[in-house]
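Single-structure report; data block below.
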Number of protein chains: 2
Amino acid sequence: MSNLLTSFIETNQPLIDKTLHDLIKDLKAPQPLKDAMLYSLQAGGKRVRPLYTLAVLKELDVQNEDAIIVASTIEMIHTYSLIHDDLPAMDNDDLRRGKPTNHIVFGEALAILAGDALITLVFGIIARLPNISPELKIALIDKFSFAAGAEGMVGGQVLDMLGEGQTLTLEQLEEIHLNKTGALLSYSILAGAIIANVSEEVMSALKEYAFHIGLAFQIQDDILDLEGTSEQLGKTAGKDLISQKNTYPSILTMEGAKKELQNRYNLAFHALESIQMQNGLLVEFANYITKRTK
Amino acid sequence: MSNLLTSFIETNQPLIDKTLHDLIKDLKAPQPLKDAMLYSLQAGGKRVRPLYTLAVLKELDVQNEDAIIVASTIEMIHTYSLIHDDLPAMDNDDLRRGKPTNHIVFGEALAILAGDALITLVFGIIARLPNISPELKIALIDKFSFAAGAEGMVGGQVLDMLGEGQTLTLEQLEEIHLNKTGALLSYSILAGAIIANVSEEVMSALKEYAFHIGLAFQIQDDILDLEGTSEQLGKTAGKDLISQKNTYPSILTMEGAKKELQNRYNLAFHALESIQMQNGLLVEFANYITKRTK
C-alpha cells in the first residue's frame, strides 16, 4: 500500500471508529440494544466504504465537519447487512472476522432488532446534520435508500439467494454483484461527491469509476476466497467452492477472473483520467481494492 | 362509528391500498421480494396510521398530493414491524389477521429481507416527493426515523422482550407502550401537522393529543385481548393472559384499565379543545380508537 493511502487510512479509521461509537452511545435506547448494535460495529471491519467517502472529499479538497458522520452511516448499513446475513435463516454463520456473530452473542431476536435499528437510524442521523443543506441531505437520503434497498443491496441479496444451486451467466452474476455489493460501495463514493456538490461532469465520471470499482471489489473477493488463507481472510476460505456458489472464477476461470479484474481497474482509471484525478488517493484506493489480500 | 368518520375511512382506505400497491409494483426489484412486501401490505390492516395523517390534514384544511404517499410510508413501517415480530425468533406467529404470516408463505429469509427493504424504502420515497419542500421532507424523515427506531418502536420492542416474565410497574409498562406503539401512532399525527406546516401552538397541542391517543390505543388493545373474541380480533384472544404478559388490566385491574382509557381520552380531548379542533374528525378518531371492538 502506498504511503499516501496508508497515512490516510491510519488517520481516518480511528475517527470513523470513534464516530460510530459516539452515534450509538448517545442514543436514548435500551442498553442491550445499543450493546448489540455496537458489538458488530466494533467487530473490526476495514471501513472501506466510509474511507472512500472521505477520500473523495479529500481529493476534491472539500472539508465538511458532517462528512465523517455521513461516511459512518454507510458502515452502519454495511454492518446491519452482515448481522442479518449471518442469521440462521440466511447464511447461518457463527463466526465473522474471527468473532462470534451477533446472534450467537445476543440471540436471534436482538440481532434482528439491532439490524432494524441500524437501518432506521442512519436516515435520521443524516436528516439532523447541521452543516449540510436540506437539498443535499435529501440527495444523500435518496441515493442511500436506493443503494441499500430493494433496488440495490437487499434486491441483490434476494437475487443471490434465488441463484443458489443454479448455473448463472456472467450477466446474471454481474447483476447480483452490482446490487449486492456494488450499489453500497458506489454510494460511498457518490456520497462524497454529493457533499462536495460537484459539477455534473465530475459526478458522472465518479459514478463510472464507482461502477467499475464496485465490480472489481467483488471479483477480488471471489478470487481471495479461492487463493487466500482463512487466517488472512478472518473467515473460512474456499467456502464459495464448497457451497457451489457462482463466482467470477467459476464462470470465467481464475485466469479470466483476473483479466476481468484488470479490465475493471483500467476502466475505473480511465474515468479518473477524464477528470484529471488519476494521480491521487482514488487511484491508490483502486489499487488497494484490486490487490488486497484480505 | 359516526357518519363523518365512516365516510372519511371509506373514501381514503382504497386510496391508501392503491398507493401501497403502486409504490411496490413500480420497484425495479426481484419479483419474489416485491411479492413478499406486497403480501403483508395487502393482508388487510385497518390503515389507522395513514388514515390519521390524512385526517389531520383534512381537519387543517390543507391539501397536498404527496400526503397520501407520506401516509402510506407509515403503513409500510408498521407492516415491516409485524413481519419481523411474527418471525420464529421473535413472537413465532403463524397467523396474522387470519392469514398465514409472511415467513410461513415466503420463508424466513425472504421475510427478513422484505422487512429490511420496507424500512429502507420509506426514507427514499419521502426524499423523492415533488410537492413537499426539502426542509419539510427533512423534518418528516427526522421524526419518522426517531419514532420507528432504537429510540422509538424498535426500542419499545426490546423493552417488551426484556420485560417478559417480570412484573412491571405502570411506569415501566407505559414506557414500553409509548415506544412500541405510541411513537409511530404519534408520528402519523405529527406527519400531517408537518406537511401542513402548522404553528408551534397547533403542533404542541397535536403532540399532546397524539401522546394520549398512543397510550389509549394500547390500553384498548389490552382490554380487547381479554374481552374481545378471536373472531372479532382476527387473532387469538386471551393470548396476553396465557403468555403472562404485563398489560394494563393485569396491572390496574380491568376496571382501572377502563378508567385509565377514559382518562387518556379526556386528556386528548382537552388538547383538541385548546386549538378549537374538538368538533371534527380528530375527536371522532379518538372515539373510534378507544371504543373499537377489533
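Every chain in the C-alpha cells takes a letter, A first, then B, and so on in the order presented; its residues are numbered from 1, and the ligands are numbered from 1 following the presented order.
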Residues of chain B at most 9 Å from chain A: nearest atom pair and distance in Å, only C-alpha atoms, as JSON lines:
{"residue": "B:Leu27", "atom": "CA", "partner": "A:Glu151", "partner_atom": "CA", "distance": 6.8}
{"residue": "B:Lys28", "atom": "CA", "partner": "A:Glu151", "partner_atom": "CA", "distance": 5.7}
{"residue": "B:Ala29", "atom": "CA", "partner": "A:Glu151", "partner_atom": "CA", "distance": 5.0}
{"residue": "B:Pro30", "atom": "CA", "partner": "A:Gly155", "partner_atom": "CA", "distance": 6.1}
{"residue": "B:Pro32", "atom": "CA", "partner": "A:Val158", "partner_atom": "CA", "distance": 8.1}
{"residue": "B:Leu33", "atom": "CA", "partner": "A:Val158", "partner_atom": "CA", "distance": 6.9}
{"residue": "B:Lys34", "atom": "CA", "partner": "A:Ala150", "partner_atom": "CA", "distance": 8.2}
{"residue": "B:His84", "atom": "CA", "partner": "A:Ile112", "partner_atom": "CA", "distance": 7.8}
{"residue": "B:Asp85", "atom": "CA", "partner": "A:Ala109", "partner_atom": "CA", "distance": 8.9}
{"residue": "B:Leu87", "atom": "CA", "partner": "A:Ala109", "partner_atom": "CA", "distance": 8.8}
{"residue": "B:Pro88", "atom": "CA", "partner": "A:Ala109", "partner_atom": "CA", "distance": 8.9}
{"residue": "B:Ala89", "atom": "CA", "partner": "A:Ala109", "partner_atom": "CA", "distance": 5.3}
{"residue": "B:Met90", "atom": "CA", "partner": "A:Ala109", "partner_atom": "CA", "distance": 5.4}
{"residue": "B:Gly107", "atom": "CA", "partner": "A:Ala89", "partner_atom": "CA", "distance": 8.5}
{"residue": "B:Glu108", "atom": "CA", "partner": "A:Ala89", "partner_atom": "CA", "distance": 5.8}
{"residue": "B:Ala109", "atom": "CA", "partner": "A:Ala89", "partner_atom": "CA", "distance": 5.3}
{"residue": "B:Leu110", "atom": "CA", "partner": "A:Val158", "partner_atom": "CA", "distance": 7.4}
{"residue": "B:Ile112", "atom": "CA", "partner": "A:His84", "partner_atom": "CA", "distance": 7.8}
{"residue": "B:Leu113", "atom": "CA", "partner": "A:Val154", "partner_atom": "CA", "distance": 6.5}
{"residue": "B:Ala114", "atom": "CA", "partner": "A:Ala150", "partner_atom": "CA", "distance": 8.2}
{"residue": "B:Gly115", "atom": "CA", "partner": "A:Asp116", "partner_atom": "CA", "distance": 8.5}
{"residue": "B:Asp116", "atom": "CA", "partner": "A:Asp116", "partner_atom": "CA", "distance": 6.9}
{"residue": "B:Ala117", "atom": "CA", "partner": "A:Gly149", "partner_atom": "CA", "distance": 5.1}
{"residue": "B:Leu118", "atom": "CA", "partner": "A:Gly149", "partner_atom": "CA", "distance": 7.9}
{"residue": "B:Ile119", "atom": "CA", "partner": "A:Thr120", "partner_atom": "CA", "distance": 6.6}
{"residue": "B:Thr120", "atom": "CA", "partner": "A:Gly149", "partner_atom": "CA", "distance": 5.4}
{"residue": "B:Leu121", "atom": "CA", "partner": "A:Ser145", "partner_atom": "CA", "distance": 6.0}
{"residue": "B:Val122", "atom": "CA", "partner": "A:Ser145", "partner_atom": "CA", "distance": 8.1}
{"residue": "B:Phe123", "atom": "CA", "partner": "A:Ser145", "partner_atom": "CA", "distance": 6.5}
{"residue": "B:Gly124", "atom": "CA", "partner": "A:Asp142", "partner_atom": "CA", "distance": 4.6}
{"residue": "B:Ile125", "atom": "CA", "partner": "A:Asp142", "partner_atom": "CA", "distance": 7.6}
{"residue": "B:Ile126", "atom": "CA", "partner": "A:Asp142", "partner_atom": "CA", "distance": 8.3}
{"residue": "B:Ala127", "atom": "CA", "partner": "A:Ile138", "partner_atom": "CA", "distance": 5.4}
{"residue": "B:Arg128", "atom": "CA", "partner": "A:Asp142", "partner_atom": "CA", "distance": 6.6}
{"residue": "B:Pro134", "atom": "CA", "partner": "A:Pro134", "partner_atom": "CA", "distance": 5.5}
{"residue": "B:Glu135", "atom": "CA", "partner": "A:Pro134", "partner_atom": "CA", "distance": 5.7}
{"residue": "B:Lys137", "atom": "CA", "partner": "A:Ile138", "partner_atom": "CA", "distance": 7.7}
{"residue": "B:Ile138", "atom": "CA", "partner": "A:Ala127", "partner_atom": "CA", "distance": 5.4}
{"residue": "B:Ala139", "atom": "CA", "partner": "A:Ala127", "partner_atom": "CA", "distance": 7.4}
{"residue": "B:Leu140", "atom": "CA", "partner": "A:Ala127", "partner_atom": "CA", "distance": 9.0}
{"residue": "B:Ile141", "atom": "CA", "partner": "A:Gly124", "partner_atom": "CA", "distance": 6.1}
{"residue": "B:Asp142", "atom": "CA", "partner": "A:Gly124", "partner_atom": "CA", "distance": 4.6}
{"residue": "B:Lys143", "atom": "CA", "partner": "A:Gly124", "partner_atom": "CA", "distance": 7.5}
{"residue": "B:Phe144", "atom": "CA", "partner": "A:Gly124", "partner_atom": "CA", "distance": 7.6}
{"residue": "B:Ser145", "atom": "CA", "partner": "A:Gly124", "partner_atom": "CA", "distance": 4.9}
{"residue": "B:Phe146", "atom": "CA", "partner": "A:Gly124", "partner_atom": "CA", "distance": 6.6}
{"residue": "B:Ala148", "atom": "CA", "partner": "A:Thr120", "partner_atom": "CA", "distance": 6.8}
{"residue": "B:Gly149", "atom": "CA", "partner": "A:Ala117", "partner_atom": "CA", "distance": 5.1}
{"residue": "B:Ala150", "atom": "CA", "partner": "A:Ala117", "partner_atom": "CA", "distance": 5.2}
{"residue": "B:Glu151", "atom": "CA", "partner": "A:Ala29", "partner_atom": "CA", "distance": 5.0}
{"residue": "B:Gly152", "atom": "CA", "partner": "A:Ala29", "partner_atom": "CA", "distance": 8.0}
{"residue": "B:Val154", "atom": "CA", "partner": "A:Ala117", "partner_atom": "CA", "distance": 6.3}
{"residue": "B:Gly155", "atom": "CA", "partner": "A:Ala29", "partner_atom": "CA", "distance": 5.7}
{"residue": "B:Gly156", "atom": "CA", "partner": "A:Pro30", "partner_atom": "CA", "distance": 8.4}
{"residue": "B:Gln157", "atom": "CA", "partner": "A:Leu113", "partner_atom": "CA", "distance": 8.2}
{"residue": "B:Val158", "atom": "CA", "partner": "A:Leu33", "partner_atom": "CA", "distance": 6.9}
{"residue": "B:Leu159", "atom": "CA", "partner": "A:Pro30", "partner_atom": "CA", "distance": 6.7}
{"residue": "B:Met161", "atom": "CA", "partner": "A:Ala109", "partner_atom": "CA", "distance": 8.9}
Counting only C-alpha atoms, what is within 7 Å of Asn102 of chain A, bar same-chain residues fewer than 2 positions away, as a PDB file with all heavy atoms, in the first residue's frame?
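part_21.pdb was written with the following content:
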ATOM      1  N   ALA A  36     -25.792  -4.560  21.332  1.00  0.00           N
ATOM      2  CA  ALA A  36     -25.819  -5.420  20.145  1.00  0.00           C
ATOM      3  C   ALA A  36     -25.422  -4.633  18.890  1.00  0.00           C
ATOM      4  O   ALA A  36     -24.686  -5.129  18.034  1.00  0.00           O
ATOM      5  CB  ALA A  36     -27.209  -6.036  19.970  1.00  0.00           C
ATOM      6  N   SER A  40     -21.338  -5.315  16.707  1.00  0.00           N
ATOM      7  CA  SER A  40     -20.988  -5.597  15.311  1.00  0.00           C
ATOM      8  C   SER A  40     -20.298  -4.413  14.647  1.00  0.00           C
ATOM      9  O   SER A  40     -19.457  -4.594  13.768  1.00  0.00           O
ATOM     10  CB  SER A  40     -22.234  -6.015  14.530  1.00  0.00           C
ATOM     11  OG  SER A  40     -22.669  -7.291  14.971  1.00  0.00           O
ATOM     12  N   ILE A  83     -25.087  -8.473   9.898  1.00  0.00           N
ATOM     13  CA  ILE A  83     -25.811  -9.078  11.034  1.00  0.00           C
ATOM     14  C   ILE A  83     -26.964  -9.943  10.515  1.00  0.00           C
ATOM     15  O   ILE A  83     -27.133 -11.093  10.915  1.00  0.00           O
ATOM     16  CB  ILE A  83     -26.367  -7.984  11.990  1.00  0.00           C
ATOM     17  CG1 ILE A  83     -25.237  -7.181  12.631  1.00  0.00           C
ATOM     18  CG2 ILE A  83     -27.254  -8.626  13.069  1.00  0.00           C
ATOM     19  CD1 ILE A  83     -25.710  -5.998  13.479  1.00  0.00           C
ATOM     20  N   PRO A 100     -17.504 -14.377  17.271  1.00  0.00           N
ATOM     21  CA  PRO A 100     -18.874 -14.900  17.213  1.00  0.00           C
ATOM     22  C   PRO A 100     -19.812 -13.850  16.586  1.00  0.00           C
ATOM     23  O   PRO A 100     -19.666 -12.663  16.861  1.00  0.00           O
ATOM     24  CB  PRO A 100     -19.247 -15.127  18.683  1.00  0.00           C
ATOM     25  CG  PRO A 100     -17.962 -15.134  19.424  1.00  0.00           C
ATOM     26  CD  PRO A 100     -16.983 -14.325  18.638  1.00  0.00           C
ATOM     27  N   ILE A 104     -25.169 -15.075  17.809  1.00  0.00           N
ATOM     28  CA  ILE A 104     -24.538 -16.034  18.731  1.00  0.00           C
ATOM     29  C   ILE A 104     -24.357 -15.388  20.104  1.00  0.00           C
ATOM     30  O   ILE A 104     -24.586 -15.998  21.138  1.00  0.00           O
ATOM     31  CB  ILE A 104     -23.162 -16.512  18.183  1.00  0.00           C
ATOM     32  CG1 ILE A 104     -23.344 -17.307  16.885  1.00  0.00           C
ATOM     33  CG2 ILE A 104     -22.387 -17.315  19.224  1.00  0.00           C
ATOM     34  CD1 ILE A 104     -24.061 -18.634  17.048  1.00  0.00           C
ATOM     35  N   VAL A 105     -23.998 -14.108  20.100  1.00  0.00           N
ATOM     36  CA  VAL A 105     -23.763 -13.399  21.361  1.00  0.00           C
ATOM     37  C   VAL A 105     -25.067 -12.881  21.979  1.00  0.00           C
ATOM     38  O   VAL A 105     -25.282 -13.008  23.189  1.00  0.00           O
ATOM     39  CB  VAL A 105     -22.804 -12.209  21.140  1.00  0.00           C
ATOM     40  CG1 VAL A 105     -22.566 -11.449  22.448  1.00  0.00           C
ATOM     41  CG2 VAL A 105     -21.477 -12.686  20.551  1.00  0.00           C
ATOM     42  N   PHE A 106     -25.942 -12.297  21.162  1.00  0.00           N
ATOM     43  CA  PHE A 106     -27.111 -11.595  21.719  1.00  0.00           C
ATOM     44  C   PHE A 106     -28.437 -12.329  21.492  1.00  0.00           C
ATOM     45  O   PHE A 106     -29.478 -11.878  21.964  1.00  0.00           O
ATOM     46  CB  PHE A 106     -27.197 -10.192  21.108  1.00  0.00           C
ATOM     47  CG  PHE A 106     -26.031  -9.329  21.472  1.00  0.00           C
ATOM     48  CD1 PHE A 106     -24.931  -9.216  20.617  1.00  0.00           C
ATOM     49  CD2 PHE A 106     -26.008  -8.648  22.677  1.00  0.00           C
ATOM     50  CE1 PHE A 106     -23.840  -8.434  20.967  1.00  0.00           C
ATOM     51  CE2 PHE A 106     -24.925  -7.858  23.028  1.00  0.00           C
ATOM     52  CZ  PHE A 106     -23.832  -7.756  22.173  1.00  0.00           C
ATOM     53  N   ALA A 111     -30.543  -9.657  17.496  1.00  0.00           N
ATOM     54  CA  ALA A 111     -29.758  -9.449  16.270  1.00  0.00           C
ATOM     55  C   ALA A 111     -30.642  -8.869  15.153  1.00  0.00           C
ATOM     56  O   ALA A 111     -30.231  -7.958  14.433  1.00  0.00           O
ATOM     57  CB  ALA A 111     -29.115 -10.760  15.818  1.00  0.00           C
TER      58      ALA A 111
END
Counting only C-alpha atoms, which residues of segment 121-221 of chain A sit at most 6 Å from some atom of segment 266-282 of chain A, and what is each one's closest atom pair with its distance in Å to one decimal, listed by chain and rising residue number, as JSON lines?
{"residue": "A:Ala205", "atom": "CA", "partner": "A:Ala271", "partner_atom": "CA", "distance": 5.3}
{"residue": "A:Tyr209", "atom": "CA", "partner": "A:Ala268", "partner_atom": "CA", "distance": 4.3}
{"residue": "A:His212", "atom": "CA", "partner": "A:Ala268", "partner_atom": "CA", "distance": 5.5}
Could the residues in this selection be saved with all heavy atoms as a PDB file, in the first residue's frame?
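Saved to selection-v1.pdb:
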ATOM      1  N   ALA A 205     -18.272  11.154 -14.033  1.00  0.00           N
ATOM      2  CA  ALA A 205     -17.014  10.389 -14.063  1.00  0.00           C
ATOM      3  C   ALA A 205     -16.851   9.567 -12.780  1.00  0.00           C
ATOM      4  O   ALA A 205     -16.420   8.409 -12.822  1.00  0.00           O
ATOM      5  CB  ALA A 205     -15.835  11.335 -14.248  1.00  0.00           C
ATOM      6  N   TYR A 209     -16.404   5.552 -12.351  1.00  0.00           N
ATOM      7  CA  TYR A 209     -15.339   4.993 -11.507  1.00  0.00           C
ATOM      8  C   TYR A 209     -15.941   4.050 -10.460  1.00  0.00           C
ATOM      9  O   TYR A 209     -15.499   2.909 -10.299  1.00  0.00           O
ATOM     10  CB  TYR A 209     -14.584   6.154 -10.844  1.00  0.00           C
ATOM     11  CG  TYR A 209     -13.650   5.764  -9.724  1.00  0.00           C
ATOM     12  CD1 TYR A 209     -12.383   5.253  -9.991  1.00  0.00           C
ATOM     13  CD2 TYR A 209     -14.030   5.944  -8.394  1.00  0.00           C
ATOM     14  CE1 TYR A 209     -11.524   4.910  -8.950  1.00  0.00           C
ATOM     15  CE2 TYR A 209     -13.177   5.611  -7.354  1.00  0.00           C
ATOM     16  CZ  TYR A 209     -11.930   5.091  -7.634  1.00  0.00           C
ATOM     17  OH  TYR A 209     -11.075   4.751  -6.607  1.00  0.00           O
ATOM     18  N   HIS A 212     -17.238   0.573 -11.807  1.00  0.00           N
ATOM     19  CA  HIS A 212     -16.208  -0.431 -12.077  1.00  0.00           C
ATOM     20  C   HIS A 212     -15.526  -0.900 -10.793  1.00  0.00           C
ATOM     21  O   HIS A 212     -15.188  -2.072 -10.658  1.00  0.00           O
ATOM     22  CB  HIS A 212     -15.181   0.111 -13.081  1.00  0.00           C
ATOM     23  CG  HIS A 212     -15.794   0.445 -14.397  1.00  0.00           C
ATOM     24  ND1 HIS A 212     -16.438  -0.497 -15.180  1.00  0.00           N
ATOM     25  CD2 HIS A 212     -15.909   1.617 -15.071  1.00  0.00           C
ATOM     26  CE1 HIS A 212     -16.914   0.070 -16.277  1.00  0.00           C
ATOM     27  NE2 HIS A 212     -16.601   1.363 -16.234  1.00  0.00           N
TER      28      HIS A 212
END
I need the residue nearest Asp225 of chain A from this list: A:Ala210, A:Ala55, A:Ala67, A:Met254. Use only C-alpha atoms for the distance.
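Ranked by minimum distance to Asp225 of chain A, first place goes to A:Met254.
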Apply DSSP to the structure's backbone, then extract all residues of segment 77-289 of chain B labelled strand (DSSP E) and return them as a PDB file with C-alpha atoms, in the first residue's frame.
ATOM      1  CA  LEU B  95     -51.289 -16.384  11.648  1.00  0.00           C
ATOM      2  CA  ARG B  96     -51.848 -12.650  11.413  1.00  0.00           C
ATOM      3  CA  LYS B  99     -53.840 -15.269   7.212  1.00  0.00           C
ATOM      4  CA  PRO B 100     -50.521 -17.162   7.222  1.00  0.00           C
TER       5      PRO B 100
END
Point-to-point distance from atom CA of Gly45 of chain A to atom CA of Gln220 of chain A, Å rounded to tenths
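The value is 16.9 Å.
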My list of candidates is A:Thr167, A:Asn92, A:Ser186, A:Asn246. Which is closest to Ser204 of chain A when distances are computed with only C-alpha atoms?
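Ranking A:Thr167, A:Asn92, A:Ser186, A:Asn246 by distance to Ser204 of chain A, first place goes to A:Ser186.
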Enter the distance from atom CA of Leu215 of chain B to atom CA of Gly182 of chain B, in Å, rounded to one decimal.
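Computing it gives 6.1 Å between the two atoms.
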Taking 6 positions as the minimum chain separation for residues in the same chain, which residues sit within 7 Å of Ile189 of chain A when counting only C-alpha atoms? Answer as a PyMOL selection string.
chain A and resi 52-53+56+210
